[in-house]
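Asker: Have a look at the structure that comes next, please.
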Amino acid sequence: MWNSNIGKTVCLILLLSGTGQVRLFGNETTKSAVPVEQQIQQFVQASCLGCHTGESAEGRLDLSQLGWQLKASDVRQRWIQIHDRVAAGEMPPDAEDLSQADRRSFLKTLSNALLHADRADVDAHGRGPLRRLTRQEYEQNLRDLLRLPDLDIRDMLPADRERLHCNKVAEVLDMSRIQLEAYLDTADAALRQAVASGIKPRPREQQRLPATRMFLTAQTFGEREAMFYAKDSKFVPLSMGDLNRIRKENSHDPEMELAIFRSASWPYYGYPDQFKAVEPGTYHLRFSARAVRQLQDFSLKPAFTSIPMNFRARKRSGADVSGDVRATEEILDIQPETAIYETTIRLKKNETFEYSLLGLPVPRAINPPNAPLYYDFPPRPAGGHPGVAFQWLEITGPLDSTEWPPPSHRLLFGDLPIQKATRGTLPVELVSEQPEQDARRLLRRFIQQAEREPTSEEVIQIYERLVLEELQRGEPLAEALLSGFSAFLCSGQFLYLPEPRAAARDLPFAVASRLSHFLGNTRPDDELMSHVTAGDLLQPTVLRSETNRLLEAESSDAFIKNFTDYWLSLKDIRRDEPDARLYPEYRFDDYLIDSLAQETRTFFRYLVEENMPITALVQGDFIFANDRLARHYDLPPLQGAKLRRVTLPPGSPYGGLMTQGAILKVTANGTTTSPVIRGAWIMERIMGEPPPPPPPAVPAVEPDIRGATTIREQLAKHTSDPVCANCHARFDPVGFALENFDIMGAWRNRYRSLGKGEKVTGIDRAGHDFAYFIAGPVDASGQLRDGRAFQNIQELKALLAAQPRQLARNFLQQLTVYATGTPVRYADRPVIEAILDDCEADQYRLRDLILALVQSPVFLGTEPAAAAKGRE
């Protein structure tokens, strides 16, 4: 690993040139017949090896082991590192050791040599290797191909490895025998779900549940305050015996209501008394409800605001929830006036669903000595406990296709008749008088629909032989075809995305696949493929139009989610539970965490849709908020779970990515905040300046939650070593500016501690007593490495926004890795800079940058010389 001391030798190293010219700093020689590599070796032996050889080499740089053949990728990469350190002014560390003229000459000559070598490698081998589909992409490809929008097979595949904050880097998307077996099993499972479940649709059953059948028990954990039955807005004291009698006699009172005042966190089994999905599938839920308040006498009054809720699929079990728990994406805002609401939920066999009221309290478990365990509900707030009162619920399902066999089955087997299976493992079998002829026809039909580029006759015959051999062994026609289909879905042609090459006949197909997987995580749709067939996809106007269309399509949700999951670490939003000792207000607040993640995704989508300037990533006068986020950010109240654009008041510290709660949560550990971690994260993810790895055996700084010392004081001691101080100067100041935000992004002026300061006591939303201390004040001031100073987060944002080209360059680099599966190569740099030149006049707008990348040689695999002309 290279460190800053490597620069001490750069001033001694000669310049490389494709012409064979050698120049020492301050001295020039004429052309020599001696090869460049040999001249380098001779100079290093004479001038550098005294300090840079063996285990004791200064700066751990052993030049005797450093090769000089730029054709070798590892050697070329080391020289690129040297180039970048010199260009950043980090090497040599003493500016007097290398004049500006010599620095410019060195960089120009080395850059030319590196460009020449890297372009030669790209011409010979392409920008990068074939890229395997990620498991998310594989699932979405099968969903779209098989007409199964709810297909859920992702977890059958091994998790993909991550590199450069992206899960699409070709070099780490490997394939082993075990992985291939998993893909075969997954493809087979998906295909079997596509087959008709019988010779006719499953009957749709409808159950209408009165309030007294909507909840398993007569009460739940937390006693009456958590849940009870009511009539005429008054509490009805039903025991479990009363409830069993009513259900047995079917003597349900239609005026009765089920009132719930708690969230669906442990412990909870708030699901209907009898219902479970006998058949897997989609179920329609329709119910009547109103938002209410529970008063001191357990009477009900209309709520002041709406109450958000959704449903969670789960298995029937006790309070300790077992198995998979999945919430519906749709959140319903239950209004104070009684109304009817509808939604759908996807259930597996034998699953049920529970009522998930969002943002409400959770009861506390109390286990007194020599007494039974019980659960206490938090004290009733001044207006009463908010909740939802349900009158009735209808369940209809499973919802099979209205046409039969369903579209997924017809995609596999066309119009062949079906009958109830008499053999094999499928529920139906195909009726065919000419099974071999039908097998050939249907196999070719399936391949034509599944392929992303034409399949050769030679390859088709391989799958054909597989299917015919299955038939000859006595397998039913459908089973034999599934074997061939599975094989194709696990072939290299389906599993891998080719790197576009300029001279390749299949270039339009490769570009179409790259574009659709970039902006939709899936295969090209019919409209995109129509341009491939017409031969006009690569025309700039058509490519731009298709890119805009895909950005606006529903499939772009996958791009927004997956890109932000990795670039901004949103996939880690639930990694660390908030420490309830220091932050009791965040206990069991899943609604807040989900809202934070949705805020960041909605914000990023808005920037792309509105083509906002790149500086909006760090600075702006608006955020996206709902009722919970408005409270979290101390904004005027909002109603409802839906996120909307909110203009910030003057002087607000919020606006931009850096101060969004999701970003501030994933850069904290649930207990404390660290300027080191937050600052390094911002500089790497937003500004494109990754920090070097910390020296070995140097312990991390853990903030003192006892309140004895501030994090600034601890870091001052930690960075007393000049070597440490030089590195920390890159990111610590940025992190200090974010210290005004707690572990979830709420504003604070002072730290909290567990042992020193002004004591704060109370009862949290789960009924727990809490006590913490308000400790020392936050100092958010700092000075960047270039000398620019700031006093607060607003001033820091202004300083970072003053570097729009750097912001745009980093965004382009992140997009390039995500879109192509290959990091930005040295040969790509002139193309990236050309894009930045083109977008500079209009403030580097986000959609413009995406459109320019798609039109670039980096994306299209075309000759980069024209794009790079004039930049060498």
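Ordering of the structure tokens sets the chain letters (A, B, ...); residue numbers start at 1 within each chain; ligands are numbered from 1 in the order shown.
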Could you make a table, as a tab-separated table, of the residues of range 390-411 of chain A that have an atom within 7 Å of an atom of range 183-202 of chain A, each with its nearest atom pair and distance in Å to one decimal, counting only C-alpha atoms, in chain and number order?
Answerer:
residue	atom	partner	partner_atom	distance
A:Asp400	CA	A:Pro201	CA	6.0
A:Trp404	CA	A:Lys200	CA	6.5
A:Pro405	CA	A:Ala196	CA	5.8
A:Pro406	CA	A:Ala196	CA	6.5
A:Ser408	CA	A:Ala194	CA	4.9
A:His409	CA	A:Val195	CA	4.7
Asker: Mind writing the picked residues with C-alpha atoms as a PDB file, in the first residue's frame?
Answerer:
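In the end it all went to out27.pdb:
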ATOM      1  CA  ASP A 400     -55.384 -15.597 -10.068  1.00  0.00           C
ATOM      2  CA  TRP A 404     -56.397 -18.989 -18.165  1.00  0.00           C
ATOM      3  CA  PRO A 405     -53.904 -20.457 -18.540  1.00  0.00           C
ATOM      4  CA  PRO A 406     -52.172 -17.348 -17.143  1.00  0.00           C
ATOM      5  CA  SER A 408     -46.753 -16.849 -17.544  1.00  0.00           C
ATOM      6  CA  HIS A 409     -47.874 -20.340 -18.599  1.00  0.00           C
TER       7      HIS A 409
END
Asker: Interatomic distance between CA of Arg829 in chain A and CA of Phe811 in chain A?
Answerer: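 Computing it gives 13.6 Å between the two atoms.
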Asker: Which of range 275-516 of chain A end up as alpha helix (DSSP H) when DSSP is run on this backbone - answer as a VMD selection string?
Answerer: chain A and resid 407 to 413 435 to 450 457 to 472 477 to 489 492 to 495 507 to 516
Asker: Keeping C-alpha atoms, export the residues of the selection given above as an mmCIF file, in the first residue's frame.
Answerer:
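The new file again_1.cif reads:
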data_model
loop_
_atom_site.group_PDB
_atom_site.id
_atom_site.type_symbol
_atom_site.label_atom_id
_atom_site.label_comp_id
_atom_site.auth_asym_id
_atom_site.auth_seq_id
_atom_site.Cartn_x
_atom_site.Cartn_y
_atom_site.Cartn_z
ATOM 1 C CA PRO A 407 -49.754 -15.265 -19.266
ATOM 2 C CA SER A 408 -46.753 -16.849 -17.544
ATOM 3 C CA HIS A 409 -47.874 -20.340 -18.599
ATOM 4 C CA ARG A 410 -48.658 -19.255 -22.152
ATOM 5 C CA LEU A 411 -45.207 -17.721 -22.476
ATOM 6 C CA LEU A 412 -43.748 -21.165 -21.783
ATOM 7 C CA PHE A 413 -46.134 -23.429 -23.644
ATOM 8 C CA PRO A 435 -44.458 -33.928 -28.647
ATOM 9 C CA GLU A 436 -41.029 -33.799 -30.338
ATOM 10 C CA GLN A 437 -42.184 -31.329 -32.958
ATOM 11 C CA ASP A 438 -43.907 -29.208 -30.302
ATOM 12 C CA ALA A 439 -40.814 -29.412 -28.115
ATOM 13 C CA ARG A 440 -38.594 -28.021 -30.879
ATOM 14 C CA ARG A 441 -41.090 -25.281 -31.671
ATOM 15 C CA LEU A 442 -41.682 -24.190 -28.080
ATOM 16 C CA LEU A 443 -38.000 -24.327 -27.172
ATOM 17 C CA ARG A 444 -37.070 -22.028 -30.047
ATOM 18 C CA ARG A 445 -39.994 -19.770 -29.200
ATOM 19 C CA PHE A 446 -38.859 -19.479 -25.585
ATOM 20 C CA ILE A 447 -35.231 -18.796 -26.507
ATOM 21 C CA GLN A 448 -36.322 -16.080 -28.914
ATOM 22 C CA GLN A 449 -38.289 -14.389 -26.120
ATOM 23 C CA ALA A 450 -35.597 -14.856 -23.462
ATOM 24 C CA GLU A 457 -28.324 -22.362 -34.523
ATOM 25 C CA GLU A 458 -25.447 -24.414 -33.168
ATOM 26 C CA VAL A 459 -26.223 -23.346 -29.620
ATOM 27 C CA ILE A 460 -29.968 -23.849 -30.012
ATOM 28 C CA GLN A 461 -29.353 -27.427 -31.049
ATOM 29 C CA ILE A 462 -27.554 -28.093 -27.775
ATOM 30 C CA TYR A 463 -30.673 -27.192 -25.809
ATOM 31 C CA GLU A 464 -32.797 -29.072 -28.318
ATOM 32 C CA ARG A 465 -30.857 -32.283 -27.738
ATOM 33 C CA LEU A 466 -31.289 -31.870 -23.979
ATOM 34 C CA VAL A 467 -35.077 -31.570 -24.273
ATOM 35 C CA LEU A 468 -35.417 -34.455 -26.747
ATOM 36 C CA GLU A 469 -33.298 -36.732 -24.562
ATOM 37 C CA GLU A 470 -35.627 -35.961 -21.648
ATOM 38 C CA LEU A 471 -38.616 -36.895 -23.781
ATOM 39 C CA GLN A 472 -36.978 -40.125 -24.888
ATOM 40 C CA LEU A 477 -43.392 -32.730 -22.434
ATOM 41 C CA ALA A 478 -43.706 -29.828 -19.973
ATOM 42 C CA GLU A 479 -41.034 -31.276 -17.654
ATOM 43 C CA ALA A 480 -38.666 -31.843 -20.573
ATOM 44 C CA LEU A 481 -39.173 -28.299 -21.814
ATOM 45 C CA LEU A 482 -38.506 -26.867 -18.351
ATOM 46 C CA SER A 483 -35.145 -28.632 -18.366
ATOM 47 C CA GLY A 484 -34.212 -26.866 -21.595
ATOM 48 C CA PHE A 485 -35.601 -23.559 -20.390
ATOM 49 C CA SER A 486 -33.630 -23.802 -17.130
ATOM 50 C CA ALA A 487 -30.446 -24.569 -18.997
ATOM 51 C CA PHE A 488 -30.854 -21.492 -21.169
ATOM 52 C CA LEU A 489 -31.643 -19.274 -18.169
ATOM 53 C CA GLY A 492 -23.547 -17.499 -20.133
ATOM 54 C CA GLN A 493 -25.669 -15.779 -22.747
ATOM 55 C CA PHE A 494 -28.405 -15.098 -20.171
ATOM 56 C CA LEU A 495 -26.332 -14.736 -17.005
ATOM 57 C CA LEU A 507 -22.963 -3.769 -30.471
ATOM 58 C CA PRO A 508 -26.592 -2.497 -30.494
ATOM 59 C CA PHE A 509 -27.709 -5.548 -28.491
ATOM 60 C CA ALA A 510 -24.927 -5.029 -25.942
ATOM 61 C CA VAL A 511 -25.725 -1.327 -25.602
ATOM 62 C CA ALA A 512 -29.452 -2.042 -25.175
ATOM 63 C CA SER A 513 -28.746 -4.563 -22.403
ATOM 64 C CA ARG A 514 -26.301 -2.232 -20.696
ATOM 65 C CA LEU A 515 -28.798 0.642 -20.802
ATOM 66 C CA SER A 516 -31.749 -1.369 -19.485
#
Asker: Just to confirm, what's the straight-line distance from CA of Asp594 in chain A to CA of Leu164 in chain A in Å (one decimal)?
Answerer: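 Computed distance, CA of Asp594 in chain A to CA of Leu164 in chain A, equals 25.2 Å.
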Asker: Using DSSP on the backbone, list every residue of range 369-400 of chain A that comes out as strand (DSSP E or B), and give them as number ranges by chain.
Answerer: A: 374-376, 385-397
Asker: Using N, CA and C atoms, can you write the selected residues to a file as a PDB file, in the first residue's frame?
Answerer:
ATOM      1  N   TYR A 374     -45.323  -9.053  33.239  1.00  0.00           N
ATOM      2  CA  TYR A 374     -46.440  -8.341  32.631  1.00  0.00           C
ATOM      3  C   TYR A 374     -45.884  -7.216  31.767  1.00  0.00           C
ATOM      4  N   TYR A 375     -46.781  -6.594  30.995  1.00  0.00           N
ATOM      5  CA  TYR A 375     -46.378  -5.549  30.048  1.00  0.00           C
ATOM      6  C   TYR A 375     -47.123  -4.265  30.366  1.00  0.00           C
ATOM      7  N   ASP A 376     -46.354  -3.201  30.503  1.00  0.00           N
ATOM      8  CA  ASP A 376     -46.906  -1.907  30.859  1.00  0.00           C
ATOM      9  C   ASP A 376     -46.922  -1.011  29.628  1.00  0.00           C
ATOM     10  N   HIS A 385     -54.255   8.515  23.814  1.00  0.00           N
ATOM     11  CA  HIS A 385     -53.464   7.617  22.954  1.00  0.00           C
ATOM     12  C   HIS A 385     -54.041   7.602  21.538  1.00  0.00           C
ATOM     13  N   PRO A 386     -53.238   7.867  20.518  1.00  0.00           N
ATOM     14  CA  PRO A 386     -53.747   7.744  19.144  1.00  0.00           C
ATOM     15  C   PRO A 386     -53.818   6.284  18.721  1.00  0.00           C
ATOM     16  N   GLY A 387     -54.764   5.982  17.866  1.00  0.00           N
ATOM     17  CA  GLY A 387     -54.895   4.618  17.374  1.00  0.00           C
ATOM     18  C   GLY A 387     -55.878   4.534  16.228  1.00  0.00           C
ATOM     19  N   VAL A 388     -56.244   3.306  15.877  1.00  0.00           N
ATOM     20  CA  VAL A 388     -57.183   3.065  14.781  1.00  0.00           C
ATOM     21  C   VAL A 388     -58.275   2.135  15.279  1.00  0.00           C
ATOM     22  N   ALA A 389     -59.525   2.484  14.978  1.00  0.00           N
ATOM     23  CA  ALA A 389     -60.669   1.639  15.293  1.00  0.00           C
ATOM     24  C   ALA A 389     -61.194   1.029  13.997  1.00  0.00           C
ATOM     25  N   PHE A 390     -61.236  -0.317  13.952  1.00  0.00           N
ATOM     26  CA  PHE A 390     -61.686  -1.056  12.769  1.00  0.00           C
ATOM     27  C   PHE A 390     -63.105  -1.552  12.993  1.00  0.00           C
ATOM     28  N   GLN A 391     -63.930  -1.468  11.934  1.00  0.00           N
ATOM     29  CA  GLN A 391     -65.295  -1.982  12.021  1.00  0.00           C
ATOM     30  C   GLN A 391     -65.430  -3.375  11.391  1.00  0.00           C
ATOM     31  N   TRP A 392     -64.807  -3.603  10.261  1.00  0.00           N
ATOM     32  CA  TRP A 392     -64.865  -4.905   9.589  1.00  0.00           C
ATOM     33  C   TRP A 392     -63.743  -5.001   8.570  1.00  0.00           C
ATOM     34  N   LEU A 393     -63.501  -6.228   8.097  1.00  0.00           N
ATOM     35  CA  LEU A 393     -62.427  -6.494   7.137  1.00  0.00           C
ATOM     36  C   LEU A 393     -62.866  -7.588   6.183  1.00  0.00           C
ATOM     37  N   GLU A 394     -62.659  -7.386   4.885  1.00  0.00           N
ATOM     38  CA  GLU A 394     -62.919  -8.414   3.870  1.00  0.00           C
ATOM     39  C   GLU A 394     -61.594  -8.880   3.269  1.00  0.00           C
ATOM     40  N   ILE A 395     -61.473 -10.214   3.110  1.00  0.00           N
ATOM     41  CA  ILE A 395     -60.283 -10.821   2.515  1.00  0.00           C
ATOM     42  C   ILE A 395     -60.737 -11.599   1.291  1.00  0.00           C
ATOM     43  N   THR A 396     -60.157 -11.310   0.138  1.00  0.00           N
ATOM     44  CA  THR A 396     -60.523 -11.998  -1.094  1.00  0.00           C
ATOM     45  C   THR A 396     -59.259 -12.536  -1.756  1.00  0.00           C
ATOM     46  N   GLY A 397     -59.291 -13.823  -2.086  1.00  0.00           N
ATOM     47  CA  GLY A 397     -58.135 -14.373  -2.766  1.00  0.00           C
ATOM     48  C   GLY A 397     -58.105 -15.888  -2.715  1.00  0.00           C
TER      49      GLY A 397
END
Asker: So that I can see what lies close to range 733-750 of chain A, please list as a PyMOL selection string the residues with an atom at most 7 Å from it, counting only C-alpha atoms and leaving out residues fewer than 3 positions away in the same chain.
Answerer: chain A and resi 632-633+659-661+664-665+668+670-673+675-676+678-679+729+774-778+780-784+792-793
Asker: For Arg262 in chain A, work out the shell of residues within 7 Å, counting only C-alpha atoms and skipping chain neighbours fewer than 4 positions away, then give it as JSON, numbers by chain.
Answerer: {"A": [226, 357, 360, 361, 362]}
Asker: Keeping only all heavy atoms, write the selected residues to a file as a PDB file, in the first residue's frame.
Answerer:
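Printed below is result18.pdb as written:
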ATOM      1  N   ALA A 226     -53.416  -0.811  25.162  1.00  0.00           N
ATOM      2  CA  ALA A 226     -52.831  -1.204  23.882  1.00  0.00           C
ATOM      3  C   ALA A 226     -53.879  -1.639  22.874  1.00  0.00           C
ATOM      4  O   ALA A 226     -53.699  -1.465  21.660  1.00  0.00           O
ATOM      5  CB  ALA A 226     -51.821  -2.322  24.094  1.00  0.00           C
ATOM      6  N   LEU A 357     -49.644  -0.606  12.709  1.00  0.00           N
ATOM      7  CA  LEU A 357     -49.834   0.834  12.887  1.00  0.00           C
ATOM      8  C   LEU A 357     -48.457   1.461  13.107  1.00  0.00           C
ATOM      9  O   LEU A 357     -47.674   0.985  13.935  1.00  0.00           O
ATOM     10  CB  LEU A 357     -50.755   1.110  14.070  1.00  0.00           C
ATOM     11  CG  LEU A 357     -52.263   0.997  13.796  1.00  0.00           C
ATOM     12  CD1 LEU A 357     -52.661  -0.378  13.301  1.00  0.00           C
ATOM     13  CD2 LEU A 357     -53.060   1.330  15.058  1.00  0.00           C
ATOM     14  N   LEU A 360     -46.574   4.324  16.563  1.00  0.00           N
ATOM     15  CA  LEU A 360     -47.264   4.313  17.853  1.00  0.00           C
ATOM     16  C   LEU A 360     -46.403   3.633  18.913  1.00  0.00           C
ATOM     17  O   LEU A 360     -45.394   2.987  18.603  1.00  0.00           O
ATOM     18  CB  LEU A 360     -48.613   3.612  17.709  1.00  0.00           C
ATOM     19  CG  LEU A 360     -49.604   4.263  16.736  1.00  0.00           C
ATOM     20  CD1 LEU A 360     -50.966   3.606  16.848  1.00  0.00           C
ATOM     21  CD2 LEU A 360     -49.723   5.764  16.990  1.00  0.00           C
ATOM     22  N   PRO A 361     -46.787   3.743  20.194  1.00  0.00           N
ATOM     23  CA  PRO A 361     -45.957   3.169  21.269  1.00  0.00           C
ATOM     24  C   PRO A 361     -45.921   1.653  21.235  1.00  0.00           C
ATOM     25  O   PRO A 361     -46.683   0.984  20.519  1.00  0.00           O
ATOM     26  CB  PRO A 361     -46.656   3.664  22.544  1.00  0.00           C
ATOM     27  CG  PRO A 361     -47.485   4.833  22.118  1.00  0.00           C
ATOM     28  CD  PRO A 361     -47.898   4.542  20.715  1.00  0.00           C
ATOM     29  N   VAL A 362     -45.020   1.106  22.052  1.00  0.00           N
ATOM     30  CA  VAL A 362     -44.869  -0.333  22.236  1.00  0.00           C
ATOM     31  C   VAL A 362     -44.827  -0.601  23.739  1.00  0.00           C
ATOM     32  O   VAL A 362     -44.160   0.136  24.473  1.00  0.00           O
ATOM     33  CB  VAL A 362     -43.571  -0.844  21.580  1.00  0.00           C
ATOM     34  CG1 VAL A 362     -43.376  -2.330  21.837  1.00  0.00           C
ATOM     35  CG2 VAL A 362     -43.607  -0.573  20.083  1.00  0.00           C
TER      36      VAL A 362
END
Asker: Need the shell around range 167-173 of chain A: protein/DNA/RNA residues with any atom at most 7 Å away, counting only C-alpha atoms. Skip same-chain ones fewer than 3 positions apart. Format as a list of chain:residue names?
Answerer: A:Pro129, A:Leu130, A:Arg131, A:Arg132, A:Thr134, A:Asp160, A:Arg161, A:Glu162, A:Arg163, A:Val817, A:Tyr818, A:Gly821, A:Thr822
Asker: I need the residue nearest Gln100 in chain A from this list: A:Lys348, A:Ala87, A:Tyr283, A:Pro613. Use only C-alpha atoms for the distance.
Answerer: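 Answer, going by the shortest atom-to-atom distance: A:Ala87.
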Asker: Using only C-alpha atoms for the distances, tell me which of A:Leu846, A:Ala319, A:Ala580, A:Val292 is nearest to Arg765 in chain A.
Answerer: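 For Arg765 in chain A, the nearest of the candidates is A:Ala580.
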